[in-house]
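run21.cif, holding mmCIF, C-alpha atoms and all ligand atoms:
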```cif
data_target
loop_
_atom_site.label_atom_id
_atom_site.label_comp_id
_atom_site.auth_asym_id
_atom_site.auth_seq_id
_atom_site.Cartn_x
_atom_site.Cartn_y
_atom_site.Cartn_z
CA VAL A 1010 -7.56 -26.47 -3.52
CA LYS A 1011 -11.23 -25.66 -3.97
CA GLY A 1012 -12.05 -24.34 -7.45
CA SER A 1013 -8.53 -24.75 -8.77
CA ALA A 1014 -7.61 -26.66 -11.93
CA VAL A 1015 -5.41 -29.76 -12.25
CA LEU A 1016 -1.63 -29.24 -12.24
CA SER A 1017 -1.08 -29.42 -16.01
CA ASP A 1018 -3.83 -26.83 -16.65
CA ARG A 1019 -2.37 -24.62 -13.98
CA VAL A 1020 1.16 -24.81 -15.34
CA PHE A 1021 -0.17 -24.04 -18.80
CA ALA A 1022 -2.20 -21.03 -17.58
CA ALA A 1023 0.69 -19.72 -15.47
CA GLU A 1024 3.05 -19.89 -18.46
CA GLN A 1025 0.60 -18.02 -20.65
CA VAL A 1026 0.32 -15.24 -18.06
CA ARG A 1027 4.09 -15.09 -17.67
CA ARG A 1028 4.51 -14.79 -21.42
CA LEU A 1029 2.16 -11.80 -21.48
CA ARG A 1030 3.73 -9.88 -18.59
CA ASP A 1031 5.56 -7.25 -20.68
CA GLU A 1032 2.77 -6.62 -23.11
CA VAL A 1033 0.02 -6.44 -20.48
CA SER A 1034 1.93 -4.32 -18.00
CA ARG A 1035 2.65 -1.81 -20.76
CA GLU A 1036 -0.96 -1.75 -21.89
CA VAL A 1037 -2.57 -1.39 -18.45
CA THR A 1038 -0.11 1.32 -17.43
CA ARG A 1039 -0.76 3.32 -20.59
CA GLU A 1040 -4.50 3.00 -20.01
CA PHE A 1041 -4.16 3.86 -16.32
CA LEU A 1042 -2.19 7.03 -17.06
CA GLU A 1043 -4.74 8.07 -19.66
CA ARG A 1044 -7.45 7.75 -17.00
CA HIS A 1045 -5.35 9.64 -14.43
CA PRO A 1046 -3.37 12.25 -16.39
CA ASP A 1047 -2.40 14.02 -13.15
CA TRP A 1048 -0.02 11.11 -12.33
CA SER A 1049 2.17 11.86 -15.37
CA GLN A 1050 1.97 15.59 -14.69
CA ARG A 1051 3.25 14.96 -11.17
CA TYR A 1052 5.81 12.21 -11.63
CA GLY A 1053 6.74 12.58 -15.30
CA ASP A 1054 8.09 9.43 -16.95
CA ARG A 1055 8.59 7.85 -13.52
CA ALA A 1056 4.82 7.31 -13.40
CA ARG A 1057 5.05 5.04 -16.43
CA ILE A 1058 8.19 3.22 -15.33
CA ARG A 1059 6.89 2.52 -11.80
CA GLY A 1060 3.44 1.65 -13.16
CA GLU A 1061 4.88 -0.93 -15.53
CA GLU A 1062 7.10 -2.37 -12.80
CA ASP A 1063 4.16 -2.67 -10.42
CA ALA A 1064 1.89 -4.27 -13.02
CA PHE A 1065 4.69 -6.70 -13.94
CA PHE A 1066 5.02 -7.60 -10.27
CA HIS A 1067 1.26 -8.20 -9.95
CA LEU A 1068 1.40 -10.46 -13.02
CA ASP A 1069 4.37 -12.36 -11.61
CA PHE A 1070 2.51 -13.11 -8.40
CA LEU A 1071 -0.63 -13.92 -10.31
CA SER A 1072 1.13 -16.52 -12.44
CA GLY A 1073 2.89 -17.94 -9.38
CA SER A 1074 -0.41 -18.23 -7.54
CA ILE A 1075 -2.07 -19.90 -10.52
CA GLU A 1076 0.74 -22.43 -10.71
CA SER A 1077 0.64 -23.16 -6.98
CA GLY A 1078 -3.12 -23.64 -7.15
CA SER A 1079 -3.44 -21.59 -4.00
CA ASP A 1080 -6.03 -18.84 -3.63
CA VAL A 1081 -4.55 -18.05 -0.24
CA ALA A 1082 -1.22 -17.09 -1.85
CA PHE A 1083 -2.81 -14.43 -4.01
CA ALA A 1084 -5.00 -13.15 -1.18
CA ASP A 1085 -1.84 -12.73 0.91
CA TYR A 1086 -0.22 -10.89 -1.97
CA GLY A 1087 -3.24 -8.54 -2.15
CA ARG A 1088 -2.95 -7.75 1.57
CA TRP A 1089 0.80 -7.23 1.29
CA ALA A 1090 0.49 -4.92 -1.74
CA ARG A 1091 -2.19 -2.98 0.12
CA ARG A 1092 0.13 -2.40 3.06
CA VAL A 1093 2.89 -1.25 0.72
CA LEU A 1094 0.58 1.33 -0.86
CA LEU A 1095 -0.70 2.53 2.48
CA ALA A 1096 2.83 3.01 3.75
CA ARG A 1097 3.46 5.29 0.77
CA GLY A 1098 0.31 7.32 1.37
CA LEU A 1099 -1.44 5.91 -1.72
CA ASP A 1100 -5.04 4.81 -1.78
CA PRO A 1101 -5.47 1.00 -2.24
CA LYS A 1102 -8.33 1.72 -4.65
CA PHE A 1103 -5.62 2.21 -7.31
CA LEU A 1104 -4.39 -1.32 -6.66
CA VAL A 1105 -7.91 -2.67 -7.14
CA GLU A 1106 -8.23 -0.68 -10.36
CA ASN A 1107 -4.92 -2.09 -11.59
CA LEU A 1108 -5.88 -5.69 -10.89
CA GLU A 1109 -9.22 -5.22 -12.63
CA GLN A 1110 -7.39 -3.86 -15.67
CA ILE A 1111 -5.01 -6.80 -15.67
CA GLN A 1112 -7.90 -9.25 -15.50
CA LYS A 1113 -9.59 -7.55 -18.50
CA ALA A 1114 -6.37 -7.42 -20.52
CA LEU A 1115 -5.72 -11.11 -19.90
CA GLU A 1116 -9.30 -12.16 -20.55
CA VAL A 1117 -9.09 -11.20 -24.23
CA ARG A 1118 -5.68 -12.81 -24.70
CA LEU A 1119 -5.96 -16.10 -22.85
CA PRO A 1120 -7.79 -19.30 -23.70
CA ASP A 1121 -10.97 -19.76 -21.68
CA VAL A 1122 -9.63 -22.19 -19.12
CA ALA A 1123 -6.71 -19.92 -18.19
CA ALA A 1124 -8.86 -16.76 -18.24
CA LYS A 1125 -11.20 -18.37 -15.72
CA GLN A 1126 -8.36 -19.05 -13.31
CA VAL A 1127 -7.14 -15.48 -13.63
CA ASP A 1128 -10.63 -14.16 -13.07
CA ARG A 1129 -11.10 -16.21 -9.90
CA LEU A 1130 -7.74 -15.25 -8.42
CA VAL A 1131 -8.12 -11.56 -9.19
CA ARG A 1132 -11.47 -11.59 -7.41
CA VAL A 1133 -9.88 -13.33 -4.42
CA GLY A 1134 -7.07 -10.75 -4.41
CA ILE A 1135 -9.48 -7.80 -4.58
CA GLU A 1136 -11.64 -9.24 -1.80
CA ALA A 1137 -8.54 -9.54 0.37
CA ILE A 1138 -7.56 -5.93 -0.38
CA GLN A 1139 -11.03 -4.76 0.59
CA GLU A 1140 -11.74 -7.14 3.45
CA LYS A 1141 -12.92 -5.76 6.78
CA GLY A 1142 -11.36 -6.32 10.17
CA SER A 1143 -7.84 -7.36 9.28
CA PRO A 1144 -4.83 -5.18 9.95
CA GLY A 1145 -4.26 -2.80 7.10
CA SER A 1146 -7.92 -2.60 6.09
CA ASP A 1147 -11.18 -0.67 6.60
CA GLU A 1148 -11.62 2.22 9.03
CA ALA A 1149 -8.52 1.33 11.08
CA SER A 1150 -6.22 1.34 8.11
CA GLU A 1151 -7.83 4.42 6.63
CA THR A 1152 -7.04 6.19 9.86
CA GLU A 1153 -3.53 4.76 9.59
CA LEU A 1154 -3.29 5.99 6.00
CA TYR A 1155 -4.04 9.55 7.07
CA ALA A 1156 -2.47 9.44 10.55
CA GLU A 1157 0.80 11.04 9.60
CA ALA A 1158 -0.73 13.73 7.40
CA GLN A 1159 -3.29 14.49 10.10
CA ALA A 1160 -0.66 14.82 12.84
CA VAL A 1161 1.52 17.12 10.75
CA PHE A 1162 -1.51 19.13 9.62
CA GLN A 1163 -2.69 19.62 13.21
CA GLN A 1164 0.78 20.74 14.23
CA ALA A 1165 0.90 23.19 11.32
CA ILE A 1166 -2.47 24.82 12.05
CA LEU A 1167 -1.70 25.14 15.76
CA GLN A 1168 1.61 26.83 15.00
CA GLY A 1169 0.12 29.14 12.42
CA HIS A 1170 1.88 27.63 9.38
CA ARG A 1171 -0.75 28.36 6.80
CA ARG A 1172 1.31 27.46 3.75
CA ALA A 1173 2.43 24.14 5.23
CA ALA A 1174 -1.16 23.21 6.12
CA SER A 1175 -2.37 23.98 2.65
CA ASN A 1176 0.53 22.04 1.08
CA ILE A 1177 -0.32 18.93 3.10
CA ALA A 1178 -3.95 19.01 1.99
CA MET A 1179 -3.02 19.82 -1.60
CA GLU A 1180 -0.54 16.99 -1.80
CA LEU A 1181 -3.21 14.53 -0.68
CA LEU A 1182 -5.59 15.87 -3.30
CA GLN A 1183 -2.91 15.52 -5.96
CA LYS A 1184 -2.24 11.94 -4.88
CA GLY A 1185 -5.86 11.15 -5.70
CA HIS A 1186 -7.50 11.34 -2.26
CA SER A 1187 -11.04 12.62 -2.36
CA LEU A 1188 -12.13 15.92 -0.90
CA THR A 1189 -14.40 13.95 1.44
CA ASP A 1190 -11.52 11.86 2.79
CA ILE A 1191 -9.21 14.86 3.23
CA TYR A 1192 -11.91 16.78 5.08
CA TYR A 1193 -12.97 13.84 7.22
CA HIS A 1194 -9.62 12.28 8.08
CA VAL A 1195 -7.40 15.34 8.22
CA LEU A 1196 -9.27 18.61 8.80
CA GLN A 1197 -12.20 17.32 10.84
CA ARG A 1198 -10.05 15.10 13.05
CA SER A 1199 -7.65 17.97 13.68
CA LEU A 1200 -10.46 20.34 14.62
CA TYR A 1201 -12.08 17.80 16.93
CA SER A 1202 -8.76 17.24 18.60
CA ILE A 1203 -8.21 21.01 18.88
CA GLY A 1204 -11.63 21.25 20.57
CA GLU A 1205 -10.46 18.71 23.15
CA LEU A 1206 -7.19 20.59 23.71
CA TRP A 1207 -9.12 23.83 24.22
CA GLU A 1208 -11.57 22.12 26.58
CA ALA A 1209 -8.64 20.74 28.60
CA ASN A 1210 -7.12 24.21 28.73
CA ARG A 1211 -4.01 23.02 26.91
CA ILE A 1212 -4.31 25.60 24.15
CA THR A 1213 -5.62 29.15 24.21
CA VAL A 1214 -8.70 30.52 22.51
CA ALA A 1215 -6.36 32.42 20.19
CA GLU A 1216 -4.66 29.20 19.09
CA GLU A 1217 -8.04 27.56 18.46
CA HIS A 1218 -9.23 30.59 16.45
CA MET A 1219 -6.05 30.66 14.38
CA ALA A 1220 -6.22 26.92 13.68
CA THR A 1221 -9.85 27.24 12.56
CA ALA A 1222 -9.07 30.24 10.37
CA ILE A 1223 -6.30 28.26 8.68
CA CYS A 1224 -8.69 25.37 8.06
CA GLN A 1225 -11.08 27.74 6.35
CA TYR A 1226 -8.21 29.02 4.23
CA VAL A 1227 -7.26 25.44 3.31
CA ILE A 1228 -10.87 24.64 2.37
CA ALA A 1229 -10.93 27.69 0.10
CA THR A 1230 -7.60 26.71 -1.46
CA LEU A 1231 -8.77 23.16 -2.18
CA TYR A 1232 -11.95 24.55 -3.72
CA GLU A 1233 -9.80 26.24 -6.35
CA GLU A 1234 -8.14 22.95 -7.26
CA VAL A 1235 -11.10 20.58 -7.40
CA GLU A 1236 -12.69 19.87 -10.75
CA PHE A 1237 -16.40 20.47 -10.52
CA PRO A 1238 -18.63 18.46 -12.83
CA ASP A 1239 -21.64 19.86 -14.68
CA LYS A 1240 -24.47 20.67 -12.32
CA VAL A 1241 -26.59 17.62 -12.88
CA ARG A 1242 -27.97 16.73 -9.49
CA GLY A 1243 -30.28 19.64 -8.72
CA SER A 1244 -29.80 22.52 -6.39
CA VAL A 1245 -29.20 22.76 -2.68
CA VAL A 1246 -29.04 25.49 -0.07
CA ILE A 1247 -26.81 24.93 2.96
CA THR A 1248 -26.97 27.10 6.02
CA GLY A 1249 -26.31 27.34 9.71
CA VAL A 1250 -29.15 28.62 11.87
CA GLN A 1251 -29.47 31.89 13.71
CA GLY A 1252 -27.36 31.76 16.86
CA GLU A 1253 -24.99 29.12 15.49
CA LEU A 1254 -21.42 30.28 14.97
CA HIS A 1255 -19.81 27.02 13.83
CA GLN A 1256 -19.67 26.90 10.06
CA VAL A 1257 -16.67 24.83 8.96
CA GLY A 1258 -18.69 21.57 8.77
CA ALA A 1259 -21.40 23.19 6.65
CA ASN A 1260 -18.72 24.68 4.40
CA MET A 1261 -17.22 21.20 3.84
CA VAL A 1262 -20.65 19.75 3.10
CA SER A 1263 -21.26 22.53 0.54
CA ASP A 1264 -17.99 21.99 -1.31
CA VAL A 1265 -18.31 18.20 -1.39
CA LEU A 1266 -21.87 18.43 -2.72
CA GLU A 1267 -20.66 20.83 -5.41
CA SER A 1268 -17.91 18.36 -6.33
CA MET A 1269 -20.66 15.74 -6.77
CA GLY A 1270 -22.52 17.91 -9.27
CA TRP A 1271 -24.96 19.80 -7.04
CA ASP A 1272 -25.68 23.45 -7.66
CA VAL A 1273 -24.87 24.76 -4.18
CA ARG A 1274 -25.69 27.97 -2.35
CA PHE A 1275 -23.81 28.12 0.94
CA LEU A 1276 -25.14 30.86 3.20
CA GLY A 1277 -22.57 30.58 5.98
CA THR A 1278 -24.07 30.57 9.44
CA ASN A 1279 -25.96 32.64 12.01
CA MET A 1280 -28.40 33.36 9.24
CA PRO A 1281 -31.73 35.04 9.98
CA HIS A 1282 -34.59 32.74 8.99
CA THR A 1283 -36.29 35.32 6.82
CA GLY A 1284 -33.13 35.46 4.71
CA ILE A 1285 -33.09 31.67 4.33
CA LEU A 1286 -36.74 31.68 3.25
CA SER A 1287 -36.05 34.29 0.56
CA VAL A 1288 -33.16 32.26 -0.82
CA ILE A 1289 -35.42 29.19 -1.02
CA GLU A 1290 -38.10 31.29 -2.70
CA GLU A 1291 -35.62 32.54 -5.27
CA HIS A 1292 -33.68 29.36 -6.05
CA LYS A 1293 -36.27 26.66 -5.34
CA PRO A 1294 -33.70 24.08 -4.20
CA GLN A 1295 -34.50 20.37 -4.09
CA MET A 1296 -32.63 20.11 -0.81
CA LEU A 1297 -32.06 22.33 2.21
CA GLY A 1298 -29.14 21.40 4.48
CA ILE A 1299 -29.28 22.83 8.00
CA SER A 1300 -26.25 22.74 10.26
CA ALA A 1301 -26.27 23.06 14.05
CA THR A 1302 -23.47 22.30 16.47
CA MET A 1303 -24.75 23.69 19.76
CA LEU A 1304 -27.65 21.95 21.45
CA PHE A 1305 -29.06 25.32 22.47
CA ASN A 1306 -29.72 26.00 18.79
CA LEU A 1307 -32.17 23.12 18.37
CA PRO A 1308 -35.22 25.37 18.93
CA SER A 1309 -33.87 27.56 16.16
CA VAL A 1310 -33.63 24.57 13.80
CA ARG A 1311 -37.13 23.44 14.70
CA ALA A 1312 -38.52 26.93 14.07
CA LEU A 1313 -36.76 27.16 10.70
CA ILE A 1314 -38.12 23.79 9.59
CA GLN A 1315 -41.63 24.79 10.63
CA ASP A 1316 -41.33 28.06 8.71
CA VAL A 1317 -40.07 26.28 5.59
CA ARG A 1318 -42.88 23.70 5.73
CA ALA A 1319 -45.52 26.37 6.38
CA ARG A 1320 -44.32 28.54 3.53
CA PHE A 1321 -43.56 25.95 0.83
CA GLY A 1322 -45.62 22.89 1.84
CA ILE A 1323 -45.13 19.81 -0.32
CA ASN A 1324 -43.34 21.88 -2.97
CA GLY A 1325 -40.62 22.74 -0.48
CA PRO A 1326 -37.14 21.25 -0.38
CA ARG A 1327 -36.16 17.96 1.23
CA ILE A 1328 -34.64 18.93 4.57
CA VAL A 1329 -31.41 17.32 5.74
CA VAL A 1330 -29.85 18.23 9.06
CA GLY A 1331 -26.37 17.69 10.43
CA GLY A 1332 -23.83 18.85 12.97
CA ALA A 1333 -22.90 17.86 16.49
CA ALA A 1334 -26.29 18.89 17.95
CA PHE A 1335 -27.92 15.86 16.29
CA ARG A 1336 -25.19 13.31 16.70
CA SER A 1337 -26.01 11.90 20.11
CA ALA A 1338 -29.74 11.40 19.44
CA PRO A 1339 -30.32 9.35 16.30
CA GLY A 1340 -34.08 9.92 15.98
CA LEU A 1341 -34.00 13.60 16.84
CA TYR A 1342 -34.00 14.80 13.24
CA ARG A 1343 -37.40 13.20 12.65
CA GLU A 1344 -38.86 14.62 15.83
CA ILE A 1345 -37.97 18.15 14.82
CA GLY A 1346 -39.46 17.66 11.36
CA ALA A 1347 -36.44 17.02 9.10
CA ASP A 1348 -36.40 14.33 6.40
CA ALA A 1349 -32.90 13.05 6.98
CA PHE A 1350 -29.73 13.35 9.02
CA ALA A 1351 -26.10 12.54 8.29
CA SER A 1352 -23.55 12.36 11.06
CA ASP A 1353 -20.68 13.47 8.84
CA ILE A 1354 -19.74 14.24 5.30
CA ARG A 1355 -18.92 10.62 4.45
CA GLU A 1356 -22.30 9.41 5.60
CA LEU A 1357 -24.04 12.13 3.61
CA VAL A 1358 -22.14 11.19 0.44
CA GLN A 1359 -23.10 7.52 0.95
CA GLN A 1360 -26.75 8.38 1.47
CA LEU A 1361 -26.85 10.53 -1.65
CA GLU A 1362 -25.06 7.90 -3.76
CA VAL A 1363 -27.58 5.26 -2.66
CA SER A 1364 -30.57 7.49 -3.34
CA SER A 1365 -29.25 8.47 -6.79
CA GLU A 1366 -28.70 4.77 -7.65
CA GLN A 1367 -32.28 4.07 -6.61
CA THR A 1368 -33.68 6.79 -8.85
CA GLN A 1369 -31.59 5.77 -11.89
C1 LIG A 1401 -13.82 26.13 15.76
C2 LIG A 1401 -14.76 26.04 16.92
C3 LIG A 1401 -15.44 27.19 17.29
C4 LIG A 1401 -15.37 28.48 16.48
C5 LIG A 1401 -16.19 28.29 15.18
C6 LIG A 1401 -15.69 29.18 14.05
C7 LIG A 1401 -16.25 28.81 12.73
N1 LIG A 1401 -15.98 29.68 11.78
O1 LIG A 1401 -16.86 27.80 12.49
C8 LIG A 1401 -15.99 29.51 17.48
C9 LIG A 1401 -14.88 30.23 18.16
C10 LIG A 1401 -16.96 30.52 16.89
C11 LIG A 1401 -16.66 28.60 18.50
C12 LIG A 1401 -17.57 29.05 19.43
C13 LIG A 1401 -18.10 28.28 20.43
N2 LIG A 1401 -17.80 27.00 20.71
CO1 LIG A 1401 -16.81 25.87 19.50
N3 LIG A 1401 -15.68 24.69 18.63
C14 LIG A 1401 -14.94 24.80 17.58
C15 LIG A 1401 -14.25 23.46 17.28
C16 LIG A 1401 -12.84 23.50 17.83
C17 LIG A 1401 -14.20 23.05 15.84
C18 LIG A 1401 -15.55 23.08 15.10
C19 LIG A 1401 -15.38 22.47 13.74
O2 LIG A 1401 -15.20 23.17 12.78
N4 LIG A 1401 -15.33 21.12 13.65
C20 LIG A 1401 -15.01 20.40 12.44
C21 LIG A 1401 -16.24 20.16 11.57
C22 LIG A 1401 -15.84 19.62 10.23
O3 LIG A 1401 -17.01 19.17 12.23
P1 LIG A 1401 -18.59 19.26 12.35
O4 LIG A 1401 -19.00 20.65 12.63
O5 LIG A 1401 -19.01 18.21 13.26
O6 LIG A 1401 -19.11 18.97 10.87
C23 LIG A 1401 -19.22 17.66 10.32
C24 LIG A 1401 -20.51 16.93 10.70
O7 LIG A 1401 -21.07 17.34 11.91
C25 LIG A 1401 -21.42 17.13 9.53
N5 LIG A 1401 -22.23 18.33 9.38
C26 LIG A 1401 -22.06 19.57 9.87
N6 LIG A 1401 -23.01 20.38 9.40
C27 LIG A 1401 -23.80 19.67 8.60
C28 LIG A 1401 -24.93 20.02 7.86
C29 LIG A 1401 -25.59 19.05 7.11
C30 LIG A 1401 -26.79 19.42 6.33
C31 LIG A 1401 -25.10 17.71 7.11
C32 LIG A 1401 -25.82 16.68 6.36
C33 LIG A 1401 -23.97 17.36 7.84
C34 LIG A 1401 -23.33 18.34 8.57
O8 LIG A 1401 -20.52 17.10 8.44
C35 LIG A 1401 -19.31 17.82 8.81
C36 LIG A 1401 -18.16 17.21 8.06
O9 LIG A 1401 -18.02 15.84 8.28
C37 LIG A 1401 -15.19 22.50 18.06
C38 LIG A 1401 -14.61 21.12 18.35
C39 LIG A 1401 -15.44 20.04 17.68
N7 LIG A 1401 -15.50 18.85 18.24
O10 LIG A 1401 -16.00 20.21 16.59
C40 LIG A 1401 -15.60 23.36 19.24
C41 LIG A 1401 -16.88 23.06 20.00
C42 LIG A 1401 -17.97 22.60 19.05
N8 LIG A 1401 -17.22 24.36 20.55
C43 LIG A 1401 -17.67 24.29 21.76
C44 LIG A 1401 -18.09 25.40 22.52
C45 LIG A 1401 -18.44 25.14 23.97
C46 LIG A 1401 -18.23 26.68 21.96
C47 LIG A 1401 -18.74 27.94 22.62
C48 LIG A 1401 -19.95 27.78 23.54
C49 LIG A 1401 -17.53 28.55 23.39
C50 LIG A 1401 -17.81 29.82 24.14
N9 LIG A 1401 -17.76 29.71 25.43
O11 LIG A 1401 -18.05 30.83 23.54
C51 LIG A 1401 -19.06 28.85 21.42
C52 LIG A 1401 -20.52 28.71 20.93
C53 LIG A 1401 -20.77 29.57 19.73
C54 LIG A 1401 -22.14 29.38 19.10
N10 LIG A 1401 -23.12 30.14 19.56
O12 LIG A 1401 -22.30 28.61 18.21
C55 LIG A 1401 -17.71 22.86 22.26
C56 LIG A 1401 -19.13 22.31 22.29
C57 LIG A 1401 -19.35 21.44 23.49
C58 LIG A 1401 -20.76 20.98 23.60
N11 LIG A 1401 -20.96 20.08 24.51
O13 LIG A 1401 -21.63 21.38 22.89
C59 LIG A 1401 -16.74 22.15 21.28
C60 LIG A 1401 -17.07 20.67 21.00
C61 LIG A 1401 -15.31 22.25 21.86
C62 LIG A 1401 -15.12 21.39 23.08
N12 LIG A 1401 -14.54 20.22 22.93
O14 LIG A 1401 -15.46 21.77 24.16
N13 LIG A 1401 -16.24 27.32 18.39
#
```
With the file now loaded, output its structure as structure tokens.
Amino acid sequence: VKGSAVLSDRVFAAEQVRRLRDEVSREVTREFLERHPDWSQRYGDRARIRGEEDAFFHLDFLSGSIESGSDVAFADYGRWARRVLLARGLDPKFLVENLEQIQKALEVRLPDVAAKQVDRLVRVGIEAIQEKGSPGSDEASETELYAEAQAVFQQAILQGHRRAASNIAMELLQKGHSLTDIYYHVLQRSLYSIGELWEANRITVAEEHMATAICQYVIATLYEEVEFPDKVRGSVVITGVQGELHQVGANMVSDVLESMGWDVRFLGTNMPHTGILSVIEEHKPQMLGISATMLFNLPSVRALIQDVRARFGINGPRIVVGGAAFRSAPGLYREIGADAFASDIRELVQQLEVSSEQTQ
């Protein structure tokens, strides 16, 4: 097998790993629970017991794969473990974190030749966990991961079960899912689907209104639970334009930016432009986020951008637009004078992460 050592070296390395299983699984689990104290709060001592069992299992497969000299075996194990996590509603990023910990713990304990084999296999395993296009990975599997929660959530908001809806979202947050993922995969999907049901006349306006109101309640409830870091990224004003009544998307954008360390002022929507200009004057934000869903509000967005440019010139905020009105025409944001566009909250987060890496 390419890159693998001769049999005697492999047997030696595998035995060393096997010998360290207890010690390493205890150490990585202790470390993991220190990094994620919420796990112990939620599951008590079970978090430690299951954590140690899982780490032991990873080490068992790792040593077996080393001995067999087969990278494929450990890649298969990675994919299998990923599916197991997904089926339990857990994010595979925790599996990756665990394997990285195991690699580090073994590196300082093993002789060089064995440590190298561990390092190579762990990388192969992580690549397999993160690989695109296979069942149980990327967008498809993310959708799969949230499918059940999304379906139950949608049912709950359509039937007016506010508490149930908020419990579903809260449970995901407590399991370690990000605000961005919960908004994108659960709330946004449900609202899009509710839009289609309304369009097809399968639900009433009242049901749509109630479902939206519950989503806003859930967003407010999650806001209370999220830990906000120090405001280190500058300030931002988020608003919907005059004439625009959709505001849930802009609300999500505001909360996620705040959770990333932005100092956010969310103005809601249908906001008169003079009011927006005064807020910019007062707070001097680095960024202005403008939300528009309805195409008929594009002239309003264009007018606002012109007013902001005319009033603040090069000292004005960077202008980012978003919302359904921009989604079908990729270059539109530039034509109406904005600096950037993001089609959804995930894309915005990615763009901001990239630009903050570039300025570091
Ligand atoms: C709830 C709702 C309403 C509520 C809104 C209440 C509120 N408080 O927000 C009310 C009842 C007011 C409403 C009214 C109308 N609605 Co309506 N509504 C919806 C519905 C079901 C959900 C909207 C929503 O919250 N989506 C979820 C959010 C999270 O998604 P989002 O807005 O796209 O936001 C994401 C991204 O776009 C992006 N984003 C959004 N803003 C920003 C800003 C920045 C800076 C950035 C970077 C990114 C960004 O990030 C967000 C998160 O990922 C949609 C269905 C749909 N597909 O969205 C219909 C929908 C948008 N509505 C529609 C219609 C037709 C209307 C009305 C014309 C109905 C009427 N006859 O009165 C009016 C128009 C009102 C107006 N002048 O704006 C249609 C639009 C069709 C079209 N071709 O344009 C839709 C698609 C329903 C449908 N399938 O037919 N609506």
Practice item. Residues up to 6 Å from ligand LIG 1401 (chain A), counting all atoms listed in the file: could you list those as a VMD selection string? Key: chain A and resid 1193 1197 1200 to 1201 1203 to 1205 1208 1218 1221 1252 to 1259 1261 to 1262 1298 to 1300 1303 1329 to 1333 1350 to 1354 1357
Check your understanding: Which residue gives the smallest distance to A:Thr1283 among A:Ile1135, A:Ala1178, A:Gly1087, A:Val1250, with only C-alpha atoms counted?
Key -> A:Val1250
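Taking atom CA of A:Met1219 as the reference point, atom CA of A:Leu1167 is found at 7.2 Å.
Candidate residues A:Leu1042, A:Leu1313, A:Leu1115, A:Ala1347 were compared for distance to A:Ile1328, and the nearest is A:Ala1347, using all atoms listed in the file.
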Check your understanding: Smallest atom-to-atom distance to A:Trp1048: which of A:Gly1185, A:Pro1281, A:Gly1243, A:Pro1120, using all atoms listed in the file?
Key ->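 Ranked by minimum distance to A:Trp1048, first place goes to A:Gly1185.
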Exercise for review: Can you work out the spacing between atom CA of A:Glu1140 and atom CA of A:Val1026 in Å, to one decimal?
Suggested key: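 Atom-to-atom, atom CA of A:Glu1140 to atom CA of A:Val1026, that is 26.0 Å.
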Check your understanding: Which of these residues is nearest to A:Arg1091, using all atoms listed in the file: A:Leu1029, A:Ile1075, A:Ile1138, A:Ala1064?
Key ->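 Comparing A:Leu1029, A:Ile1075, A:Ile1138, A:Ala1064 against A:Arg1091, the winner is A:Ile1138.
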Could you work out an axis-aligned bounding box for all listed atoms of stretch 1282-1285 of chain A, with 4 Å added on each of the six sides, and give its centre and edge lengths in Å to one decimal, as lines of an AutoDock Vina configuration file?
```
center_x = -34.7
center_y = 33.6
center_z = 6.7
size_x = 11.2
size_y = 11.8
size_z = 12.7
```
Review point. Hey, can you check how far atom CA of A:Val1288 sits from atom CA of A:Ala1301?
Key: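 Distance between the two atoms: 18.8 Å.
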Which protein, DNA or RNA residues have an atom at most 12 Å from (0.2, 30.7, 3.7), counting all atoms listed in the file? List them as an mmCIF file with C-alpha atoms, in the coordinates of the input.
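Printed below is part-v4.cif as written:
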```cif
data_model
loop_
_atom_site.group_PDB
_atom_site.id
_atom_site.type_symbol
_atom_site.label_atom_id
_atom_site.label_comp_id
_atom_site.auth_asym_id
_atom_site.auth_seq_id
_atom_site.Cartn_x
_atom_site.Cartn_y
_atom_site.Cartn_z
ATOM 1 C CA ALA A 1165 0.900 23.190 11.320
ATOM 2 C CA ILE A 1166 -2.470 24.820 12.050
ATOM 3 C CA GLY A 1169 0.120 29.140 12.420
ATOM 4 C CA HIS A 1170 1.880 27.630 9.380
ATOM 5 C CA ARG A 1171 -0.750 28.360 6.800
ATOM 6 C CA ARG A 1172 1.310 27.460 3.750
ATOM 7 C CA ALA A 1173 2.430 24.140 5.230
ATOM 8 C CA ALA A 1174 -1.160 23.210 6.120
ATOM 9 C CA SER A 1175 -2.370 23.980 2.650
ATOM 10 C CA ASN A 1176 0.530 22.040 1.080
ATOM 11 C CA ILE A 1177 -0.320 18.930 3.100
ATOM 12 C CA ALA A 1222 -9.070 30.240 10.370
ATOM 13 C CA ILE A 1223 -6.300 28.260 8.680
ATOM 14 C CA CYS A 1224 -8.690 25.370 8.060
ATOM 15 C CA GLN A 1225 -11.080 27.740 6.350
ATOM 16 C CA TYR A 1226 -8.210 29.020 4.230
ATOM 17 C CA VAL A 1227 -7.260 25.440 3.310
ATOM 18 C CA THR A 1230 -7.600 26.710 -1.460
#
```
Practice item. Select, from A:Leu1071, A:Val1363, A:Ala1312, A:Val1246, the residue with the minimum atom-to-atom distance to A:Thr1278, counting all atoms listed in the file. Key: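 Residue with the minimum atom-to-atom distance to A:Thr1278: A:Val1246.
Shortest separation to A:Arg1088 among A:Arg1030, A:Val1117, A:Phe1070, A:Gln1139 occurs at residue A:Gln1139, atoms counted being only C-alpha atoms.
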**Study point:** Who sits within 10 Å of stretch 1049-1054 of chain A, only C-alpha atoms, same chain under 6 positions skipped, as a list in words
**Key:**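 My reading of the contact set: Leu1042, Glu1043, Gly1060, Gln1183 and Lys1184 of chain A.
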